[in-house]
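Presented below is the structure to which this report refers.
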Amino acid sequence: MIRRLMKTLVGAAVLAAFAGGVVAQDSKVADELAKYREALADGNPADLLEVKGEGLWAEKRGPKNASLEKCDLGQGPGKLEGAYAALPKYFKDTNKVMDVESRLVHCMVTLQGFTQAEVTKQWFSRPGKESDIEALVTFIGAKSNGMKINAPATHPEEARMAKMGEYIFYRRSGPQDFSCSICHGQEGKRIRLQELGNLTTKEGAGFAMKTWPSYRVSQGAVWTMQRRLIDCMRQARWPEPAYLADSIVALETYLQKTATGTVMETPGIKR
Amino acid sequence: MNFKFALFFGLTVASAAPAFAQKAVEAPGGKHAKDAEQMFRASFRADNPKYWMTRLEQDETMKTCLQYRDNPPRKIGEKLEKLNVATIRYPVDGKLIGDWKEGEKLAAVGTGGHIGFIQPDPAGRVRGGNCYACHELAKKEIAYGTIGPSLREFGKIRGKDDDTIKYVYDKIYNSNAFTACTNMPRFGLHSWLTPEQITHIVAFLIDPESPVNKD
């Protein structure tokens, strides 16, 4: 966390230097900017979860008494740097396109010996009931902070998933005729006072994808991307897809492909 | 009003038509659309009650709008609009303008209709039109969305003749009767609102006493 903060401070200073030459005024602005970010970084409850996730990752757990340190999230066993930013991804060993959550659960089942039902029982937190998955995903996500989203869906299976995600994005149904696209397919619109991103553009999709997992102030909890998208379905008045369902992974593949090139800022803090 | 509307609509279509002619946009999902539909349907827990799952059904309008990314060629759009006109039902007493005060309440309610295992609405939760989610209406409500056009002073501008009243009723009952694949829900078709509730929202828009038409 401290390392990240240092990076942010250096980044802000460098940014200021490039922006308009190193004069007293700029360094003052940079100071203020850094102070603001410092306050946010210190204030994000997701940071606590990140630390918890780091512990869970290294701890020997489950029937096989193993840690997750050999888990391959797509960059090789135990390689976490940039892994989140490059998911969803096709995995040969499962012959499936998997997102960070489905891959993590796969590791907990194969390496630690848990059953899938045990691992996913508390896939999101409720008041008084913490979620290991939320903590682990926050930790894994933070290891991609500052890196570019890199999920261009070039493998044929990834390309297929991205296309299926696009289909779901435009699919209208339910008692309000909703689709993802009617709210997130145009520029500069809002619902009530909430601004809506245009998820069909790199900038819009990037803005949406780069800050997850995110601490949601209105929910008092960190939400993963699965949680976020499943709740979108609820708001559309549809039934909820099951946790880790292919349709959610497909939507993520479509959105990450569109967002590719955007720099990750995670864990985020949102409304 | 109807003439103006028709003229505006005609011009819009005329200016948009060449764009359609030039490039046919691929349907979402491309050659994987069928697989995608199957995959989507297979994504739900087996213990979802049947009536929840009916919310995934698509009528011809929904299917066609998906295929054309909500931008159907005009000929196909017209066909859909005819289909949707035919669905409109009216209150038994034939009165299409109700009580603006009831309409004002309905315009603000955005709850209701949420299902699922995680955060469903409690039984009996009031359903409204949620008009403010997308439209500006009364001046005093500043928390309005912008997905739809501003309807501020709607009655003041459009008048309160029978044609206008019927147009507003029809539009709320089935928005696709006028513009195929619009973002606006079809409140009457889906029985989201009753015909009587729709007449109240009509009054909220048109009645000179309604805050929509006051400064």
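Ordering of the structure tokens sets the chain letters (A, B, ...), residue numbers begin anew at 1 in every chain, and ligands are numbered from 1 in the order given.
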
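Using only C-alpha atoms, one finds that the residues of chain B close to chain A, at 6 Å or less, are Pro28, Gly29, Ala36, Phe40, Ser43, Phe44, Arg45, Trp52, Arg55, Leu56, Gln58, Met62, Leu66, His114, Gly116, Ala133, Cys134, Ala143, Tyr144, Gly145, Thr146, Ile147, Asn183, Pro185 and His190 of chain B.
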
**Request:** Determine, counting only C-alpha atoms, which protein, DNA and RNA residues have an atom within 7 Å of an atom of Gly268 of chain A; residues of the same chain fewer than 4 positions away are not included. Present the result as an MDAnalysis selection string.
**Result:** chainID A and resid 211:215

**Request:** Name the residues of segment 4-232 of chain A that fall into strand (DSSP E or B) according to DSSP on the backbone, using the chain letters and numbers of this document, as a ChimeraX atom specification.
**Result:** /A:61,66,72,77,89-91,96-98,126,129,148,173,178,190-191,194-195,214-216,221-223

**Prompt:** Do you know which residues are at most 10 Å from Asp132 of chain A counting only C-alpha atoms, after dropping those on the same chain fewer than 3 positions away, and could you put them as a VMD selection string?
**Reply:** chain A and resid 49 52 to 53 56 to 57 119 to 120 122 to 125 129 135 to 138

**Item:** Nearest to Ala203 of chain B by atom-to-atom distance, counting only C-alpha atoms, from B:Asp215, B:Glu136, B:Glu102, B:Asp170
**Value:**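 Among the listed residues, B:Glu102 lies closest to Ala203 of chain B.
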
**Message:** I need the residues of segment 31-197 of chain A that end up classed as alpha helix (DSSP H) by DSSP on the backbone, written out as an NGL selection string.
**Reply:** :A and (31-43 or 46-58 or 100-110 or 116-120 or 132-142 or 156-170 or 180-184)

**Request:** Compile the contact shell of Phe91 of chain A as a VMD selection string: residues with an atom at most 10 Å away, counting only C-alpha atoms, same-chain residues fewer than 2 positions apart removed.
**Result:** chain A and resid 72 to 74 88 to 89 93 to 98 103 157 to 158

**Message:** Please list as a PyMOL selection string every residue within 9 Å of Glu101 of chain A, counting only C-alpha atoms and excluding residues in the same chain fewer than 4 positions away.
**Reply:** chain A and resi 105-106+133+137+224-226+244

Keeping only N, CA, C and O atoms, take the residues you just selected and write them out as a compact mmCIF listing (two decimals), in the first residue's frame.
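This is the output file again_13.txt:
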```txt
# COMPACT_ATOMS: atom_id res chain seq x y z
N VAL A 105 -11.42 -19.39 -8.07
CA VAL A 105 -12.19 -20.51 -7.51
C VAL A 105 -11.61 -21.83 -8.00
O VAL A 105 -11.45 -22.78 -7.23
N HIS A 106 -11.24 -21.87 -9.28
CA HIS A 106 -10.60 -23.07 -9.84
C HIS A 106 -9.34 -23.43 -9.03
O HIS A 106 -9.11 -24.59 -8.70
N ILE A 133 -13.44 -14.40 -1.06
CA ILE A 133 -13.27 -14.11 -2.49
C ILE A 133 -13.09 -12.62 -2.73
O ILE A 133 -12.19 -12.19 -3.46
N VAL A 137 -9.73 -11.20 -4.45
CA VAL A 137 -9.83 -10.48 -5.73
C VAL A 137 -9.31 -9.04 -5.57
O VAL A 137 -8.66 -8.51 -6.47
N THR A 224 -16.92 -6.99 -6.43
CA THR A 224 -16.14 -7.49 -7.57
C THR A 224 -16.94 -7.23 -8.85
O THR A 224 -18.10 -6.82 -8.80
N MET A 225 -16.31 -7.49 -10.00
CA MET A 225 -17.00 -7.26 -11.27
C MET A 225 -18.19 -8.20 -11.43
O MET A 225 -19.22 -7.82 -11.98
N GLN A 226 -18.05 -9.45 -10.97
CA GLN A 226 -19.20 -10.38 -11.03
C GLN A 226 -20.38 -9.79 -10.25
O GLN A 226 -21.51 -9.77 -10.72
N LEU A 244 -20.39 -16.77 -11.42
CA LEU A 244 -19.40 -17.33 -12.35
C LEU A 244 -20.03 -17.83 -13.66
O LEU A 244 -19.37 -18.49 -14.46
```

**Asked** If you measure from atom CA of Ile88 of chain B to atom CA of Asn174 of chain B, what distance in Å do you get, rounded to one decimal?
**Response**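 These two atoms are separated by 6.7 Å.
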